[in-house]
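Asker: Below is a structure I'd like to ask you about.
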Amino acid sequence: MDDPNLIDTKGGAAPTLAQVAARAGVSPITVSRVLRLPDMVARPTRERVEAAMRALGYVPNLVAGSLASARSRAVGVLVPTVANAIFADTIQGISDALEPLGYAVVLAQSRYDDTREEKTLAALLGRRPEALIMVGSPATAVGGEMLRRARIPVVETWDLPVNPIDAVVGFDNHAAGAAVAQHFAATGRRKLAFIGGDDPRATRRWMGFHEMAQEAGLEPPRRLVLGRNARAGVAAVAELADSDAVFAANDALAIGVLAGLRPANRRVPDDIAVVGLGDLEIGRLIAPSLSTVRIDGGAIGRTAGRLILSNEGSRHINLGFTLLIRHTG
């Protein structure tokens, strides 16, 4: 697709931004950064892109550019939900990284709905943000294509897709599930259960959990898809009568399970162990304190902010996780 901000100085078809990128051996996003944020691009890379522009006769149209360069100073952030505190630290980290530099964070939510996600992405991109950060990856091919065509920096978070659109920062959800199952097996638990949604990240946690349980010779664990909030955790207790350990896909669910187990007269961790994910502050404060998979959401957010401001260093960052065993098993 031809760049609209060009003057054809050679009488033929104007060179495109993509052709500049190909000649310089960089991505179109990097060329865009050289034009918009040259100080954010390493000098050797910037000089290579500028040499390709000169060789191809790529001349920005300063008249059209005077309108296009009215930068929005906005970064779109798409999360599954704002109702669950698990993503709050990530949003805060993004804000901490960008707002001091004059960027506004425009927040939207998909509510784990693929159709809504497509519409929300279209609405965010229609406001011409300078970059977009999202929890997870696009749920549909349509959403992914919209982001690629936008030609802006895109950072996928909370997961590690093999082929991200641009950049990614997160952790291995499959490995997190496996670590919890391995801990349960090592502490003598035999009848495991998993509670969580059916979104891709929760499903990868379940797959790691299920595969490790089988590898350890345990009974096949149960998977309960009942929701993602504390109320769903309470409701799940009725289905856990035969289980001696449960991994909840987030801390809110795990806290709901703990609340439901008390009136059921099931002791934690003697009768049943409970592990969540996210390391919410409330999980540290309740009694018994919640065992959990700690995810540094703030670091994910701050790193995502850095990735949209610079193309230096790795564009595929695994921040890992920590299994914290407290009083619930």
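Ordering of the structure tokens sets the chain letters (A, B, ...); residue numbers start at 1 within each chain; ligands are numbered from 1 in the order shown.
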Write out, as a tab-separated table, each residue of range 155-208 of chain A that has an atom at most 10 Å from range 283-297 of chain A, together with the closest pair of atoms and their distance in Å to one decimal, counting only C-alpha atoms, rows going by chain and rising number.
Answerer:
residue	atom	partner	partner_atom	distance
A:Thr157	CA	A:Gly297	CA	9.5
A:Trp158	CA	A:Gly297	CA	8.2
A:Gly170	CA	A:Gly297	CA	8.8
A:Phe171	CA	A:Ile295	CA	8.0
A:Ala176	CA	A:Val293	CA	7.2
A:Gly177	CA	A:Val293	CA	9.0
A:Ala179	CA	A:Val293	CA	8.9
A:Val180	CA	A:Val293	CA	8.0
Asker: Please identify which residues in range 92-253 of chain A DSSP calls strand (DSSP E) from the backbone, and express them as a PDB file with N, CA, C and O atoms, in the first residue's frame.
Answerer:
ATOM      1  N   ALA A 104      -1.014   9.741  26.816  1.00  0.00           N
ATOM      2  CA  ALA A 104      -2.268   9.402  27.484  1.00  0.00           C
ATOM      3  C   ALA A 104      -2.562   7.930  27.220  1.00  0.00           C
ATOM      4  O   ALA A 104      -2.430   7.452  26.093  1.00  0.00           O
ATOM      5  N   VAL A 105      -2.972   7.219  28.259  1.00  0.00           N
ATOM      6  CA  VAL A 105      -3.328   5.809  28.125  1.00  0.00           C
ATOM      7  C   VAL A 105      -4.838   5.710  27.931  1.00  0.00           C
ATOM      8  O   VAL A 105      -5.616   6.159  28.774  1.00  0.00           O
ATOM      9  N   VAL A 106      -5.257   5.150  26.803  1.00  0.00           N
ATOM     10  CA  VAL A 106      -6.674   4.978  26.485  1.00  0.00           C
ATOM     11  C   VAL A 106      -7.024   3.514  26.732  1.00  0.00           C
ATOM     12  O   VAL A 106      -6.577   2.630  26.009  1.00  0.00           O
ATOM     13  N   LEU A 107      -7.817   3.263  27.766  1.00  0.00           N
ATOM     14  CA  LEU A 107      -8.083   1.903  28.216  1.00  0.00           C
ATOM     15  C   LEU A 107      -9.425   1.393  27.689  1.00  0.00           C
ATOM     16  O   LEU A 107     -10.425   2.110  27.706  1.00  0.00           O
ATOM     17  N   ALA A 108      -9.429   0.145  27.223  1.00  0.00           N
ATOM     18  CA  ALA A 108     -10.661  -0.494  26.758  1.00  0.00           C
ATOM     19  C   ALA A 108     -10.630  -1.959  27.183  1.00  0.00           C
ATOM     20  O   ALA A 108      -9.575  -2.506  27.496  1.00  0.00           O
ATOM     21  N   GLN A 109     -11.799  -2.600  27.186  1.00  0.00           N
ATOM     22  CA  GLN A 109     -11.874  -4.000  27.609  1.00  0.00           C
ATOM     23  C   GLN A 109     -12.674  -4.825  26.604  1.00  0.00           C
ATOM     24  O   GLN A 109     -13.635  -4.343  26.002  1.00  0.00           O
ATOM     25  N   ALA A 131       0.545   3.727  19.500  1.00  0.00           N
ATOM     26  CA  ALA A 131       0.921   2.340  19.757  1.00  0.00           C
ATOM     27  C   ALA A 131      -0.255   1.661  20.436  1.00  0.00           C
ATOM     28  O   ALA A 131      -1.201   2.325  20.895  1.00  0.00           O
ATOM     29  N   LEU A 132      -0.202   0.339  20.493  1.00  0.00           N
ATOM     30  CA  LEU A 132      -1.258  -0.399  21.170  1.00  0.00           C
ATOM     31  C   LEU A 132      -0.653  -1.538  21.982  1.00  0.00           C
ATOM     32  O   LEU A 132       0.216  -2.267  21.495  1.00  0.00           O
ATOM     33  N   ILE A 133      -1.105  -1.671  23.214  1.00  0.00           N
ATOM     34  CA  ILE A 133      -0.683  -2.750  24.110  1.00  0.00           C
ATOM     35  C   ILE A 133      -1.919  -3.551  24.465  1.00  0.00           C
ATOM     36  O   ILE A 133      -2.968  -2.981  24.773  1.00  0.00           O
ATOM     37  N   MET A 134      -1.804  -4.875  24.424  1.00  0.00           N
ATOM     38  CA  MET A 134      -2.957  -5.676  24.786  1.00  0.00           C
ATOM     39  C   MET A 134      -2.538  -6.852  25.663  1.00  0.00           C
ATOM     40  O   MET A 134      -1.423  -7.358  25.550  1.00  0.00           O
ATOM     41  N   VAL A 135      -3.437  -7.247  26.561  1.00  0.00           N
ATOM     42  CA  VAL A 135      -3.242  -8.476  27.324  1.00  0.00           C
ATOM     43  C   VAL A 135      -3.594  -9.635  26.408  1.00  0.00           C
ATOM     44  O   VAL A 135      -4.699  -9.705  25.871  1.00  0.00           O
ATOM     45  N   VAL A 154       3.086  -2.558  18.438  1.00  0.00           N
ATOM     46  CA  VAL A 154       2.093  -3.382  19.124  1.00  0.00           C
ATOM     47  C   VAL A 154       2.832  -4.291  20.100  1.00  0.00           C
ATOM     48  O   VAL A 154       3.809  -4.942  19.724  1.00  0.00           O
ATOM     49  N   VAL A 155       2.373  -4.322  21.345  1.00  0.00           N
ATOM     50  CA  VAL A 155       2.970  -5.217  22.338  1.00  0.00           C
ATOM     51  C   VAL A 155       1.893  -6.126  22.903  1.00  0.00           C
ATOM     52  O   VAL A 155       0.881  -5.652  23.420  1.00  0.00           O
ATOM     53  N   GLU A 156       2.103  -7.432  22.766  1.00  0.00           N
ATOM     54  CA  GLU A 156       1.228  -8.427  23.380  1.00  0.00           C
ATOM     55  C   GLU A 156       1.820  -8.814  24.734  1.00  0.00           C
ATOM     56  O   GLU A 156       3.035  -8.992  24.844  1.00  0.00           O
ATOM     57  N   THR A 157       0.989  -8.935  25.760  1.00  0.00           N
ATOM     58  CA  THR A 157       1.484  -9.184  27.112  1.00  0.00           C
ATOM     59  C   THR A 157       0.767 -10.369  27.756  1.00  0.00           C
ATOM     60  O   THR A 157      -0.229 -10.869  27.251  1.00  0.00           O
ATOM     61  N   ALA A 167       6.002  -7.025  19.251  1.00  0.00           N
ATOM     62  CA  ALA A 167       6.772  -7.345  20.449  1.00  0.00           C
ATOM     63  C   ALA A 167       5.889  -8.065  21.458  1.00  0.00           C
ATOM     64  O   ALA A 167       4.651  -8.003  21.382  1.00  0.00           O
ATOM     65  N   VAL A 168       6.535  -8.746  22.406  1.00  0.00           N
ATOM     66  CA  VAL A 168       5.780  -9.470  23.421  1.00  0.00           C
ATOM     67  C   VAL A 168       6.556  -9.474  24.725  1.00  0.00           C
ATOM     68  O   VAL A 168       7.786  -9.571  24.738  1.00  0.00           O
ATOM     69  N   VAL A 169       5.827  -9.331  25.838  1.00  0.00           N
ATOM     70  CA  VAL A 169       6.414  -9.465  27.172  1.00  0.00           C
ATOM     71  C   VAL A 169       5.414 -10.218  28.039  1.00  0.00           C
ATOM     72  O   VAL A 169       4.241  -9.856  28.095  1.00  0.00           O
ATOM     73  N   GLY A 170       5.867 -11.272  28.680  1.00  0.00           N
ATOM     74  CA  GLY A 170       4.943 -12.056  29.490  1.00  0.00           C
ATOM     75  C   GLY A 170       5.631 -13.191  30.192  1.00  0.00           C
ATOM     76  O   GLY A 170       6.791 -13.092  30.614  1.00  0.00           O
ATOM     77  N   LEU A 192      -6.593 -33.925  41.693  1.00  0.00           N
ATOM     78  CA  LEU A 192      -6.432 -32.498  41.393  1.00  0.00           C
ATOM     79  C   LEU A 192      -7.610 -31.958  40.596  1.00  0.00           C
ATOM     80  O   LEU A 192      -8.269 -32.685  39.853  1.00  0.00           O
ATOM     81  N   ALA A 193      -7.823 -30.660  40.732  1.00  0.00           N
ATOM     82  CA  ALA A 193      -8.847 -29.959  39.952  1.00  0.00           C
ATOM     83  C   ALA A 193      -8.299 -28.613  39.518  1.00  0.00           C
ATOM     84  O   ALA A 193      -7.448 -28.022  40.193  1.00  0.00           O
ATOM     85  N   PHE A 194      -8.799 -28.129  38.398  1.00  0.00           N
ATOM     86  CA  PHE A 194      -8.435 -26.816  37.852  1.00  0.00           C
ATOM     87  C   PHE A 194      -9.711 -26.021  37.643  1.00  0.00           C
ATOM     88  O   PHE A 194     -10.692 -26.522  37.082  1.00  0.00           O
ATOM     89  N   ILE A 195      -9.703 -24.754  38.075  1.00  0.00           N
ATOM     90  CA  ILE A 195     -10.843 -23.871  37.882  1.00  0.00           C
ATOM     91  C   ILE A 195     -10.374 -22.649  37.099  1.00  0.00           C
ATOM     92  O   ILE A 195      -9.379 -22.021  37.459  1.00  0.00           O
ATOM     93  N   ARG A 222      -9.554 -32.765  37.036  1.00  0.00           N
ATOM     94  CA  ARG A 222     -10.804 -32.234  36.515  1.00  0.00           C
ATOM     95  C   ARG A 222     -10.624 -30.770  36.136  1.00  0.00           C
ATOM     96  O   ARG A 222      -9.866 -30.036  36.770  1.00  0.00           O
ATOM     97  N   ARG A 223     -11.348 -30.356  35.103  1.00  0.00           N
ATOM     98  CA  ARG A 223     -11.357 -28.944  34.714  1.00  0.00           C
ATOM     99  C   ARG A 223     -12.768 -28.406  34.851  1.00  0.00           C
ATOM    100  O   ARG A 223     -13.710 -28.945  34.268  1.00  0.00           O
ATOM    101  N   LEU A 224     -12.902 -27.332  35.633  1.00  0.00           N
ATOM    102  CA  LEU A 224     -14.198 -26.691  35.836  1.00  0.00           C
ATOM    103  C   LEU A 224     -14.157 -25.309  35.198  1.00  0.00           C
ATOM    104  O   LEU A 224     -13.358 -24.459  35.593  1.00  0.00           O
ATOM    105  N   ALA A 245      -6.790 -31.093  45.981  1.00  0.00           N
ATOM    106  CA  ALA A 245      -5.975 -29.942  45.603  1.00  0.00           C
ATOM    107  C   ALA A 245      -6.627 -29.247  44.420  1.00  0.00           C
ATOM    108  O   ALA A 245      -7.122 -29.915  43.512  1.00  0.00           O
ATOM    109  N   VAL A 246      -6.605 -27.923  44.429  1.00  0.00           N
ATOM    110  CA  VAL A 246      -7.217 -27.176  43.337  1.00  0.00           C
ATOM    111  C   VAL A 246      -6.307 -26.017  42.936  1.00  0.00           C
ATOM    112  O   VAL A 246      -5.759 -25.309  43.790  1.00  0.00           O
ATOM    113  N   PHE A 247      -6.132 -25.876  41.645  1.00  0.00           N
ATOM    114  CA  PHE A 247      -5.415 -24.739  41.070  1.00  0.00           C
ATOM    115  C   PHE A 247      -6.439 -23.836  40.417  1.00  0.00           C
ATOM    116  O   PHE A 247      -7.139 -24.232  39.482  1.00  0.00           O
ATOM    117  N   ALA A 248      -6.554 -22.615  40.928  1.00  0.00           N
ATOM    118  CA  ALA A 248      -7.472 -21.627  40.359  1.00  0.00           C
ATOM    119  C   ALA A 248      -6.678 -20.720  39.427  1.00  0.00           C
ATOM    120  O   ALA A 248      -5.578 -20.276  39.772  1.00  0.00           O
TER     121      ALA A 248
END
Asker: Name all residues at most 7 Å from Pro269 in chain A (count only C-alpha atoms; drop same-chain ones fewer than 3 positions away) and give them as a list in words.
Answerer: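 Surrounding residues, per the criterion: Ile272, Ala273, Thr328 and Gly329 of chain A.
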Asker: Write out the residues from the selection above, keeping N, CA and C atoms, as a compact mmCIF listing (two decimals), in the first residue's frame.
Answerer:
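Final output, saved to again24.txt:
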# COMPACT_ATOMS: atom_id res chain seq x y z
N ILE A 272 -7.78 -30.05 51.73
CA ILE A 272 -7.64 -29.63 50.33
C ILE A 272 -6.67 -28.45 50.25
N ALA A 273 -5.76 -28.51 49.31
CA ALA A 273 -4.82 -27.42 49.07
C ALA A 273 -5.38 -26.51 47.97
N THR A 328 -2.02 -22.07 52.32
CA THR A 328 -3.13 -22.84 51.76
C THR A 328 -2.67 -24.05 50.98
N GLY A 329 -1.39 -24.33 51.04
CA GLY A 329 -0.89 -25.53 50.38
C GLY A 329 0.11 -25.26 49.33
Asker: Using only C-alpha atoms, tabulate the residues of range 107-189 of chain A lying at most 8 Å from any atom of range 28-33 of chain A, each with its closest atom pair and that distance in Å to one decimal, by chain and increasing residue number, as CSV.
Answerer:
residue,atom,partner,partner_atom,distance
A:Arg151,CA,A:Ile29,CA,5.8
A:Ile152,CA,A:Ile29,CA,6.0
A:Pro153,CA,A:Ile29,CA,6.4
Asker: Write the residues of the preceding selection, restricted to all heavy atoms, as a PDB file, in the first residue's frame.
Answerer:
ATOM      1  N   ARG A 151       0.338  -0.437  11.292  1.00  0.00           N
ATOM      2  CA  ARG A 151       1.736  -0.015  11.219  1.00  0.00           C
ATOM      3  C   ARG A 151       2.127   0.885  12.384  1.00  0.00           C
ATOM      4  O   ARG A 151       2.743   1.945  12.206  1.00  0.00           O
ATOM      5  CB  ARG A 151       2.026   0.661   9.878  1.00  0.00           C
ATOM      6  CG  ARG A 151       2.033  -0.301   8.703  1.00  0.00           C
ATOM      7  CD  ARG A 151       2.454   0.374   7.425  1.00  0.00           C
ATOM      8  NE  ARG A 151       2.563  -0.585   6.335  1.00  0.00           N
ATOM      9  CZ  ARG A 151       2.855  -0.266   5.096  1.00  0.00           C
ATOM     10  NH1 ARG A 151       3.071   0.990   4.778  1.00  0.00           N
ATOM     11  NH2 ARG A 151       2.925  -1.201   4.169  1.00  0.00           N
ATOM     12  N   ILE A 152       1.770   0.443  13.559  1.00  0.00           N
ATOM     13  CA  ILE A 152       2.187   1.104  14.782  1.00  0.00           C
ATOM     14  C   ILE A 152       2.810   0.040  15.683  1.00  0.00           C
ATOM     15  O   ILE A 152       2.584  -1.152  15.488  1.00  0.00           O
ATOM     16  CB  ILE A 152       1.009   1.787  15.511  1.00  0.00           C
ATOM     17  CG1 ILE A 152      -0.072   0.756  15.861  1.00  0.00           C
ATOM     18  CG2 ILE A 152       0.450   2.939  14.670  1.00  0.00           C
ATOM     19  CD1 ILE A 152      -1.211   1.334  16.703  1.00  0.00           C
ATOM     20  N   PRO A 153       3.605   0.459  16.664  1.00  0.00           N
ATOM     21  CA  PRO A 153       4.133  -0.529  17.602  1.00  0.00           C
ATOM     22  C   PRO A 153       2.984  -1.247  18.335  1.00  0.00           C
ATOM     23  O   PRO A 153       2.029  -0.618  18.779  1.00  0.00           O
ATOM     24  CB  PRO A 153       4.959   0.314  18.578  1.00  0.00           C
ATOM     25  CG  PRO A 153       5.320   1.543  17.806  1.00  0.00           C
ATOM     26  CD  PRO A 153       4.141   1.813  16.919  1.00  0.00           C
TER      27      PRO A 153
END
Asker: Report the distance between CA of Gly276 in chain A and CA of Gly256 in chain A in Å, rounded to one decimal place.
Answerer: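 A separation of 10.4 Å between them.
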Asker: Any idea what's packed within 7 Å of Ala304 in chain A, counting only C-alpha atoms, ignoring anything in its chain fewer than 3 positions away? Could you give it as a PyMOL selection string?
Answerer: chain A and resi 94+155+169+300-301+307-308
Asker: Leaving out Leu98 in chain A and any residue of its chain fewer than 6 positions from it, which residues lie within 9 Å of it when counting only C-alpha atoms, given as a list in words?
Answerer: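 Contacts, in chain order: Val75, Ala104, Val105, Arg302, Gly305, Arg306 and Leu309 of chain A.
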Asker: Could those residues be written to a file, using C-alpha atoms, as a PDB file, in the first residue's frame?
Answerer:
ATOM      1  CA  VAL A  75      -1.478   4.672  23.526  1.00  0.00           C
ATOM      2  CA  ALA A 104      -2.268   9.402  27.484  1.00  0.00           C
ATOM      3  CA  VAL A 105      -3.328   5.809  28.125  1.00  0.00           C
ATOM      4  CA  ARG A 302       6.615  -1.028  32.425  1.00  0.00           C
ATOM      5  CA  GLY A 305       5.860   0.788  27.702  1.00  0.00           C
ATOM      6  CA  ARG A 306       9.581   0.595  27.025  1.00  0.00           C
ATOM      7  CA  LEU A 309       9.242   3.616  22.829  1.00  0.00           C
TER       8      LEU A 309
END
Asker: Kindly give the distance, in Å, that separates CA of Leu101 in chain A and CA of Asp279 in chain A, rounded to a single decimal.
Answerer: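 Between CA of Leu101 in chain A and CA of Asp279 in chain A the gap works out to 29.2 Å.
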Asker: Could you tell me which of A:Ala186, A:Ala175, A:Ile325, A:Val225 comes closest to Asp198 in chain A if we count only C-alpha atoms?
Answerer: A:Val225
Asker: Closest to Ile317 in chain A among A:Ala235, A:Leu160, A:Val274, A:Ala52, using only C-alpha atoms?
Answerer: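 Using only C-alpha atoms, the shortest distance to Ile317 in chain A belongs to A:Leu160.
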Asker: Would you kindly return, as a PyMOL selection string, each protein, DNA or RNA residue with an atom no farther than 9 Å from any atom of Asn84 in chain A, considering only C-alpha atoms and excluding same-chain residues fewer than 4 positions away?
Answerer: chain A and resi 88+228-229+252
Asker: Please list as a list of chain:residue names every residue within 9 Å of His174 in chain A, counting only C-alpha atoms and excluding residues in the same chain fewer than 4 positions away.
Answerer: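 In the requested form, the answer reads A:Ala178, A:Ala179, A:Arg201, A:Ala202, A:Thr203, A:Arg204, A:Arg205, A:Trp206, A:Met207, A:Gly208, A:Phe209.
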Asker: Counting only C-alpha atoms, which residue out of A:Val268, A:Val26, A:Ile86, A:Ala216 sits closest to Ala249 in chain A?
Answerer: A:Ile86
Asker: Which is closest to Ile255 in chain A among A:Asp39, A:Asp113, A:Glu50, A:Glu281, if we use only C-alpha atoms?
Answerer: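 Nearest to Ile255 in chain A: A:Glu281.
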